[in-house]
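K.L.:
So that we are looking at the same thing, I have put the structure below in structure tokens.
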Number of protein chains: 4
Amino acid sequence: MIVIMNPQATMREKSAVIAWAEDNGCTVHLSEGSERAVIGVIGNGRPLLREQAEMMAGVERVVPVLKPFKIASREFRAEDSSFPLGNHTVGGEELIIMAGPCSVESRSQIIETAHAVKEAGAHVLRGGAFKPRSSPYSFQGLGEEGLQYMAEAREQTGLPFVTEVMEPALVPLICEYADILQIGARNMQNYALLHAVGKSQHPVLLKRGMSSTIEEWLMCAEYVLSHGNTRVMMCERGIRTFETYTRNTFDINAIAVAKHLSHLPVIADPSHATGKWEYVAAASKAAIAAGADGLIIEVHPRPEEAMSDGPQSLKPEKFAKLVQEMKAIALAVGRKIEA
Amino acid sequence: MIVIMNPQATMREKSAVIAWAEDNGCTVHLSEGSERAVIGVIGNGRPLLREQAEMMAGVERVVPVLKPFKIASREFRAEDSSFPLGNHTVGGEELIIMAGPCSVESRSQIIETAHAVKEAGAHVLRGGAFKPRSSPYSFQGLGEEGLQYMAEAREQTGLPFVTEVMEPALVPLICEYADILQIGARNMQNYALLHAVGKSQHPVLLKRGMSSTIEEWLMCAEYVLSHGNTRVMMCERGIRTFETYTRNTFDINAIAVAKHLSHLPVIADPSHATGKWEYVAAASKAAIAAGADGLIIEVHPRPEEAMSDGPQSLKPEKFAKLVQEMKAIALAVGRKIEA
Amino acid sequence: MIVIMNPQATMREKSAVIAWAEDNGCTVHLSEGSERAVIGVIGNGRPLLREQAEMMAGVERVVPVLKPFKIASREFRAEDSSFPLGNHTVGGEELIIMAGPCSVESRSQIIETAHAVKEAGAHVLRGGAFKPRSSPYSFQGLGEEGLQYMAEAREQTGLPFVTEVMEPALVPLICEYADILQIGARNMQNYALLHAVGKSQHPVLLKRGMSSTIEEWLMCAEYVLSHGNTRVMMCERGIRTFETYTRNTFDINAIAVAKHLSHLPVIADPSHATGKWEYVAAASKAAIAAGADGLIIEVHPRPEEAMSDGPQSLKPEKFAKLVQEMKAIALAVGRKIEA
Amino acid sequence: MIVIMNPQATMREKSAVIAWAEDNGCTVHLSEGSERAVIGVIGNGRPLLREQAEMMAGVERVVPVLKPFKIASREFRAEDSSFPLGNHTVGGEELIIMAGPCSVESRSQIIETAHAVKEAGAHVLRGGAFKPRSSPYSFQGLGEEGLQYMAEAREQTGLPFVTEVMEPALVPLICEYADILQIGARNMQNYALLHAVGKSQHPVLLKRGMSSTIEEWLMCAEYVLSHGNTRVMMCERGIRTFETYTRNTFDINAIAVAKHLSHLPVIADPSHATGKWEYVAAASKAAIAAGADGLIIEVHPRPEEAMSDGPQSLKPEKFAKLVQEMKAIALAVGRKIEA
């Protein structure tokens, strides 16, 4: 931690910072510039100290030296993390394609879609049973009934499935059915939920909050990892900016940055990142070119009848065509999409 | 709902939209411009329809006519909502001042602070017992012990207290102790939690999410209101923007806008909205001048030792001075801060 | 400047940074932590060095210690800058009210408005003769004819006037007529223009760019000040964020921050900061409460016929009422609005 | 244009809007819903009318139906625009690679770089002679001397060159030397400059402003196109958001959106879009996968000595490797990078 004093700081104030740091078991270096003094504080990374230093008289600002996440960092683990999802492996050479509707709407809809995305080349089925909706008057999902239909779809197709969990109390129920727990963007910093999925030891797909920094997102992974649950996938799904033509702004940089800072696999969600099916193909291909380890794509047999996210859902035939296009990009970057 | 067709839309596509709207029980008006056709759809406000319309062939975009929130709107209730908090009333002529530390750190700390803020003129005590922290390694609050200390502080000072609730399972426990339930910014769209506090019938302080639009914020109030819990206060606490000098950007416009669109009281949080105690006084006075119905301000007896949010906490004597300054502003806008 | 090395940095890399800094005439302190080394570099504030340090092998990041602006800073000049505008003084106890239409539309319109705002209590007339418009097909202003009408309005009312200058070549012409040169938000970083108005020695009203940080805004003031032109007013006019209900987000914090970092007067523009006349009064009062030194407000005799910015323009009678309300706020914060 | 009346609007107010629209030569449709009336106004696309309508009594908001840009739109020209740059063509099957240093620093530096990027596969040389710098104390470029060195580099390598123009008065000088005029992000809405480059009839590379919407960016292209200068390339270079780990957020969606809305070629600038050379390769490949027609990449023989933008500049050997990687992606999306 580096403490930058303001130009008017007195010798007494500087001494107080130094004494405080040493009292906390740290080593201190003082550099006196012509305008400002700078105090380097080494050792004892407790985050509490930063805020306390900021409050001391004569202090202008404090610059942390260490990153706040530990287990999630490349420094903790240099090589990429990888782990199995069904018969495939995420985080290695293979790209994982997850696909399915935003919401499970009926038994026939999810089963029809599961077969369609399997045939097109997907490795994991997605579908929401408990839905976060901005209006209390909108369709809120089928609940456990939806989970049962997804389990049946898995039985028929062999595809493992991912579904969102919205509250700690539902984690045990959803773990009974689902293969992967999704934390939605609105719940990225729902810490009670992060603790619950951490304890569950189930694989987790952690969506980035719509205005969360990459560092905050990795800190949320740290919550899950701190329970010894190492099977965490980061999911970039677009951030909120001033641009309103698209539903979100796809932060393509975040894919490479997250992989640089962390060993965890990174999945891209081009459906939410664009919000319009017309742009999903371009965003999907860009994500692979940028280094993503997989994609999660909304597919609906009849988007114009979807009960949520219809405008950003692909029809099965468009999805099948996109998988073929993605295979070419994958090869161009030394990856592969397996059948 | 207004459906704007794209310039290449065929007569068949326009007819399909019209037929679909009529099948859904709506009345339709078709306007043919020189470049585009526009179809007005009247009646049946189900939100589902908008997304379906967006998916129909030939449709360029859909513009909603009605606001998505109902009970929260001025159209539902023209006059300001007001209700008692302790011996005072929020939403009327009086301004309500809530003050206290970010976290309850010890019995003596909260009791000392409660007496100090009471003496300075506060009407409600604030303090966190369950704390959302960006790091799993940071202090997470004293839990129920913290609630007990706050209850004791209330007994000694007569101040009702507000504290954050982070998960649905804790709502009953917190309702046993607290007078007002705070929904934090990170949990604004934690719908399970909104349902739980809605059902509780306890007064609610609903913080705006850091990247939530005013409309989304009012939709979250609607979740609480839809359970018949009408004692909801909106809390503007700053939004996230590109500016990093302050912790957040205080959206002062949002105060007047929320009061224009809704009848609910609006409280401002100048501590989070600035993140630096030096700017809390300016922001507090601005909030009152802009029409806020109250303030929630972080006060700590020794900010340099605070376990969270020290840099944005006022010392009791600075807070006492600020209350006096705020009284002058309140008078200038026809409001008052009662003893 | 502080150079933070990455954890894998070799002794050779650290030595290279130290040697490079010393070769550039700086003094160096090396602190070796358990995870990272930190090198403090003192002296020689050339901004070039920062980027070069960032490029050296083994360097993780570089933290500047000094602020990039000099003449604009409080450290350069501790007391508030103030200077006369007509018979009034900006930057002192008095608040300066500037008012008038977005665009000069006709001789009668500007003269009628000048009399109305004068009578209501304004000290400076505003009006655009050369207009930046997002569409090349929109009204672009009356040009020199507009300047002549404003000069005539000044003659009749005694009000000095401010008008926007959009390109360096027009600075001499506009200086012939206008009392204050406005740099618009879109041109904040038009450096050729900043040099030209700096050289002109005319008072300058420098609007903040819609996505400019406070530091960048002060750096643009530094461009003007570096020519010895000290009569610069900063103007906060709202920033662009994700919120679209208002035209811009009024960054009320920026008023207090700019006054903390700089000695220059700060003017608020509540018309652009809200974009809707309904919210102009709340924003104006908030700005004064937050410490602004003046306001610039759009007033039009018949907003519904305005050729630009009608929706955010006040009618003269509403403006007159607002001036009275602002007087009460000014008194409450120890300032005054003189007749 | 659609005028949405507020729920309290009287019959008199509705009639006034209708009468006003008809007086302006428009056709009108009135739809009376249960809560609100909606008035469709057809014909006469003058932008002035929208603001006037917003000001009329009883009007809640106005929704434009037509896009504000005309010549830039796909509706004006359905097929992609393409035009020659040296021996290559932008906007067709070929991808155009522009490369070179941020600033021309010396004769030897630009000539060395020009040879290096030519050999690596670039088609156009980039380099700044007049530089926009956030500090008045930073290196501002070599001016005309820099243009002369670039012309010499062109003579030796055959590469046409692009350079930024910062003020209208310099357009003739720069046109004498340069093959392509670059409008920088800070000057995107410098309308005097847009008029000047429009009149010049030189090819233009129009960078997107850092907080400009896609629509505003296309409106600026419209300024240039309105002078009959059809050789305009759009350049996405990242936007400003809350994320600070990267210099900007690369809006990869904007590439596909701009190509959907407009026929103009779109170039990506991965150097500014990331701000760190480590991420330039990922961003470049993503841009091609998303449909960009070319790239502009900063390359410097010794980035650690660069006078600007060193941290985001590639060394020639890294650039050469990247060109090879990009060729593979180009093939995967049916494009090519010619020698």
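All residue names refer to the structure tokens as shown: chains lettered A, B, ... in order, residues numbered from 1 in each chain, ligands numbered from 1 in order.
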Restrict the distance test to only C-alpha atoms, flag each residue of chain D within 6 Å of chain A, and return the flagged residues as number ranges by chain.

P.N.:
D: 213, 243, 282, 285-286, 289-290, 328-329, 332

K.L.:
As a ChimeraX atom specification, please: every residue in stretch 38-274 of chain A that a backbone DSSP assignment puts in alpha helix (DSSP H).

P.N.:
/A:48-54,107-120,144-157,171-177,191-200,214-225,252-261,270-274

K.L.:
For the residues in that selection, give me C-alpha atoms as a PDB file, in the first residue's frame.

P.N.:
```pdb
ATOM      1  CA  LEU A  48      -9.187  -2.711   6.485  1.00  0.00           C
ATOM      2  CA  LEU A  49      -5.952  -0.779   6.618  1.00  0.00           C
ATOM      3  CA  ARG A  50      -6.505   1.011   3.341  1.00  0.00           C
ATOM      4  CA  GLU A  51      -9.629   2.809   4.485  1.00  0.00           C
ATOM      5  CA  GLN A  52      -8.074   3.680   7.801  1.00  0.00           C
ATOM      6  CA  ALA A  53      -5.042   5.182   6.080  1.00  0.00           C
ATOM      7  CA  GLU A  54      -7.338   7.270   3.870  1.00  0.00           C
ATOM      8  CA  ARG A 107     -42.562 -29.613 -21.481  1.00  0.00           C
ATOM      9  CA  SER A 108     -42.828 -29.772 -25.229  1.00  0.00           C
ATOM     10  CA  GLN A 109     -41.002 -26.491 -25.782  1.00  0.00           C
ATOM     11  CA  ILE A 110     -37.915 -27.450 -23.787  1.00  0.00           C
ATOM     12  CA  ILE A 111     -37.782 -30.986 -25.145  1.00  0.00           C
ATOM     13  CA  GLU A 112     -38.149 -29.811 -28.719  1.00  0.00           C
ATOM     14  CA  THR A 113     -35.432 -27.221 -28.163  1.00  0.00           C
ATOM     15  CA  ALA A 114     -33.102 -29.660 -26.445  1.00  0.00           C
ATOM     16  CA  HIS A 115     -33.205 -31.998 -29.414  1.00  0.00           C
ATOM     17  CA  ALA A 116     -32.713 -29.125 -31.819  1.00  0.00           C
ATOM     18  CA  VAL A 117     -29.685 -27.637 -30.086  1.00  0.00           C
ATOM     19  CA  LYS A 118     -28.148 -31.065 -29.523  1.00  0.00           C
ATOM     20  CA  GLU A 119     -28.438 -31.805 -33.201  1.00  0.00           C
ATOM     21  CA  ALA A 120     -26.987 -28.428 -34.079  1.00  0.00           C
ATOM     22  CA  GLU A 144     -39.757 -26.839  -9.989  1.00  0.00           C
ATOM     23  CA  GLU A 145     -41.987 -28.029 -12.813  1.00  0.00           C
ATOM     24  CA  GLY A 146     -39.528 -26.372 -15.194  1.00  0.00           C
ATOM     25  CA  LEU A 147     -36.637 -28.222 -13.573  1.00  0.00           C
ATOM     26  CA  GLN A 148     -38.457 -31.516 -14.069  1.00  0.00           C
ATOM     27  CA  TYR A 149     -38.944 -30.816 -17.762  1.00  0.00           C
ATOM     28  CA  MET A 150     -35.255 -29.936 -18.122  1.00  0.00           C
ATOM     29  CA  ALA A 151     -34.292 -33.170 -16.386  1.00  0.00           C
ATOM     30  CA  GLU A 152     -36.468 -35.054 -18.836  1.00  0.00           C
ATOM     31  CA  ALA A 153     -34.839 -33.205 -21.727  1.00  0.00           C
ATOM     32  CA  ARG A 154     -31.447 -34.243 -20.372  1.00  0.00           C
ATOM     33  CA  GLU A 155     -32.544 -37.821 -20.162  1.00  0.00           C
ATOM     34  CA  GLN A 156     -33.623 -37.790 -23.785  1.00  0.00           C
ATOM     35  CA  THR A 157     -30.620 -35.947 -25.199  1.00  0.00           C
ATOM     36  CA  VAL A 171     -29.927 -23.948  -3.886  1.00  0.00           C
ATOM     37  CA  PRO A 172     -30.565 -27.483  -2.534  1.00  0.00           C
ATOM     38  CA  LEU A 173     -33.620 -27.977  -4.745  1.00  0.00           C
ATOM     39  CA  ILE A 174     -31.877 -26.763  -7.866  1.00  0.00           C
ATOM     40  CA  CYS A 175     -28.788 -28.850  -7.110  1.00  0.00           C
ATOM     41  CA  GLU A 176     -31.003 -31.928  -7.117  1.00  0.00           C
ATOM     42  CA  TYR A 177     -31.881 -31.312 -10.738  1.00  0.00           C
ATOM     43  CA  TYR A 191     -23.333 -12.510  -1.239  1.00  0.00           C
ATOM     44  CA  ALA A 192     -25.665 -14.833   0.651  1.00  0.00           C
ATOM     45  CA  LEU A 193     -26.310 -16.575  -2.646  1.00  0.00           C
ATOM     46  CA  LEU A 194     -22.610 -16.741  -3.491  1.00  0.00           C
ATOM     47  CA  HIS A 195     -21.899 -18.375  -0.157  1.00  0.00           C
ATOM     48  CA  ALA A 196     -24.700 -20.881  -0.755  1.00  0.00           C
ATOM     49  CA  VAL A 197     -23.517 -21.938  -4.206  1.00  0.00           C
ATOM     50  CA  GLY A 198     -19.943 -22.011  -2.942  1.00  0.00           C
ATOM     51  CA  LYS A 199     -20.927 -24.505  -0.287  1.00  0.00           C
ATOM     52  CA  SER A 200     -22.972 -26.567  -2.743  1.00  0.00           C
ATOM     53  CA  ILE A 214     -13.753  -6.958 -13.936  1.00  0.00           C
ATOM     54  CA  GLU A 215     -12.146  -6.786 -10.500  1.00  0.00           C
ATOM     55  CA  GLU A 216     -15.513  -6.882  -8.701  1.00  0.00           C
ATOM     56  CA  TRP A 217     -16.567  -9.818 -10.855  1.00  0.00           C
ATOM     57  CA  LEU A 218     -13.446 -11.751  -9.915  1.00  0.00           C
ATOM     58  CA  MET A 219     -14.036 -10.860  -6.250  1.00  0.00           C
ATOM     59  CA  CYS A 220     -17.433 -12.558  -6.532  1.00  0.00           C
ATOM     60  CA  ALA A 221     -15.752 -15.640  -7.956  1.00  0.00           C
ATOM     61  CA  GLU A 222     -13.490 -15.438  -4.911  1.00  0.00           C
ATOM     62  CA  TYR A 223     -16.586 -15.773  -2.682  1.00  0.00           C
ATOM     63  CA  VAL A 224     -17.449 -19.075  -4.367  1.00  0.00           C
ATOM     64  CA  LEU A 225     -13.853 -20.300  -4.500  1.00  0.00           C
ATOM     65  CA  ILE A 252     -15.146  -8.029 -25.590  1.00  0.00           C
ATOM     66  CA  ASN A 253     -11.974  -6.771 -23.880  1.00  0.00           C
ATOM     67  CA  ALA A 254     -13.159  -8.360 -20.635  1.00  0.00           C
ATOM     68  CA  ILE A 255     -12.693 -11.844 -22.065  1.00  0.00           C
ATOM     69  CA  ALA A 256      -8.965 -11.422 -22.634  1.00  0.00           C
ATOM     70  CA  VAL A 257      -8.522  -9.409 -19.439  1.00  0.00           C
ATOM     71  CA  ALA A 258     -10.283 -11.984 -17.251  1.00  0.00           C
ATOM     72  CA  LYS A 259      -8.179 -14.746 -18.761  1.00  0.00           C
ATOM     73  CA  HIS A 260      -5.054 -12.685 -18.158  1.00  0.00           C
ATOM     74  CA  LEU A 261      -5.872 -11.973 -14.501  1.00  0.00           C
ATOM     75  CA  PRO A 270     -23.839 -12.920 -27.008  1.00  0.00           C
ATOM     76  CA  SER A 271     -27.618 -12.988 -26.622  1.00  0.00           C
ATOM     77  CA  HIS A 272     -27.727 -10.600 -23.650  1.00  0.00           C
ATOM     78  CA  ALA A 273     -24.620  -8.760 -24.841  1.00  0.00           C
ATOM     79  CA  THR A 274     -26.509  -7.592 -27.938  1.00  0.00           C
TER      80      THR A 274
END
```

K.L.:
Neighbours of B:Val59 within 8 Å (only C-alpha atoms; same-chain residues fewer than 2 positions away dropped), as number ranges by chain?

P.N.:
B: 3-6, 9, 53-57, 61-62

K.L.:
Residues of stretch 21-174 of chain C in strand (DSSP E or B) according to DSSP, as number ranges by chain?

P.N.:
C: 27-32, 37-42, 59-63, 73, 83-85, 88-90, 94, 96-100, 103, 124-126, 128, 161-164

K.L.:
Residues at most 12 Å from D:Gly86, counting only C-alpha atoms, excluding those fewer than 3 positions away in the same chain, as a ChimeraX atom specification?

P.N.:
/D:83,89-90,96,98,122-125,154,157-162,178-180,203

K.L.:
For the residues selected in the previous step, produce a file with N, CA and C atoms as a compact mmCIF listing (two decimals), in the first residue's frame.

P.N.:
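Okay, selection-v4.txt is ready:
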```txt
# COMPACT_ATOMS: atom_id res chain seq x y z
N PHE D 83 -14.34 1.89 -52.00
CA PHE D 83 -13.53 2.83 -52.79
C PHE D 83 -12.06 2.49 -52.61
N THR D 89 -8.73 -1.86 -52.04
CA THR D 89 -10.10 -1.33 -52.02
C THR D 89 -10.70 -1.60 -50.65
N VAL D 90 -11.24 -0.56 -50.03
CA VAL D 90 -11.89 -0.75 -48.74
C VAL D 90 -13.39 -0.90 -48.96
N ILE D 96 -8.54 -4.02 -44.98
CA ILE D 96 -7.46 -3.04 -45.09
C ILE D 96 -6.76 -2.91 -43.72
N MET D 98 -4.18 -0.75 -41.56
CA MET D 98 -3.44 0.51 -41.43
C MET D 98 -2.57 0.36 -40.18
N ALA D 122 0.93 -4.49 -43.95
CA ALA D 122 0.00 -3.35 -43.88
C ALA D 122 -0.21 -2.73 -45.26
N HIS D 123 -1.38 -2.09 -45.44
CA HIS D 123 -1.72 -1.44 -46.71
C HIS D 123 -1.67 0.07 -46.63
N VAL D 124 -1.75 0.61 -45.43
CA VAL D 124 -1.79 2.07 -45.23
C VAL D 124 -0.89 2.37 -44.03
N LEU D 125 -0.18 3.49 -44.10
CA LEU D 125 0.66 3.92 -42.98
C LEU D 125 -0.11 4.95 -42.15
N ARG D 154 6.09 7.31 -47.68
CA ARG D 154 5.20 6.80 -48.75
C ARG D 154 5.97 6.57 -50.03
N THR D 157 7.96 3.36 -49.68
CA THR D 157 7.26 2.08 -49.49
C THR D 157 6.05 1.90 -50.38
N GLY D 158 5.56 2.97 -50.94
CA GLY D 158 4.34 2.88 -51.73
C GLY D 158 3.07 2.88 -50.89
N LEU D 159 3.19 3.00 -49.57
CA LEU D 159 1.99 2.98 -48.72
C LEU D 159 1.35 4.37 -48.67
N PRO D 160 0.07 4.48 -48.99
CA PRO D 160 -0.64 5.75 -48.75
C PRO D 160 -0.69 5.99 -47.24
N PHE D 161 -0.90 7.24 -46.82
CA PHE D 161 -0.93 7.45 -45.37
C PHE D 161 -2.13 8.26 -44.88
N VAL D 162 -2.48 7.97 -43.63
CA VAL D 162 -3.59 8.64 -42.95
C VAL D 162 -3.01 9.43 -41.78
N ALA D 178 -1.44 14.28 -47.28
CA ALA D 178 -1.99 13.00 -46.82
C ALA D 178 -2.97 12.39 -47.83
N ASP D 179 -3.11 11.07 -47.76
CA ASP D 179 -4.06 10.36 -48.61
C ASP D 179 -5.42 10.24 -47.94
N ILE D 180 -5.42 10.20 -46.63
CA ILE D 180 -6.68 10.04 -45.88
C ILE D 180 -6.63 10.99 -44.69
N PRO D 203 -10.58 11.30 -48.90
CA PRO D 203 -11.11 10.22 -48.06
C PRO D 203 -10.97 10.57 -46.58
```

K.L.:
Could you pull the residues within 8 Å of stretch 103-106 of chain B, counting only C-alpha atoms, minus those fewer than 6 positions along the same chain, as a ChimeraX atom specification?

P.N.:
/B:127-129,131,141-142,146,149-150,307-308

K.L.:
Show me, as a list in words, the residues that have an atom within 9 Å of D:Leu206 when counting only C-alpha atoms, minus same-chain residues fewer than 5 positions from it.

P.N.:
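Contacts, in chain order: Leu181, Gln182, Ile183, Gly184, Ala185, Met188, Trp217, Cys220, Ala221, Val232, Met233, Met234, Cys235 and Glu236 of chain D.
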
K.L.:
Using only C-alpha atoms, which of D:Val41, D:Arg231, D:Lys318, D:Arg186 sits nearest D:Met210?

P.N.:
D:Arg186

K.L.:
Atom CA of A:Val299 and atom CA of B:Val63 are how many Å apart?

P.N.:
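These atoms are spaced 24.6 Å apart.
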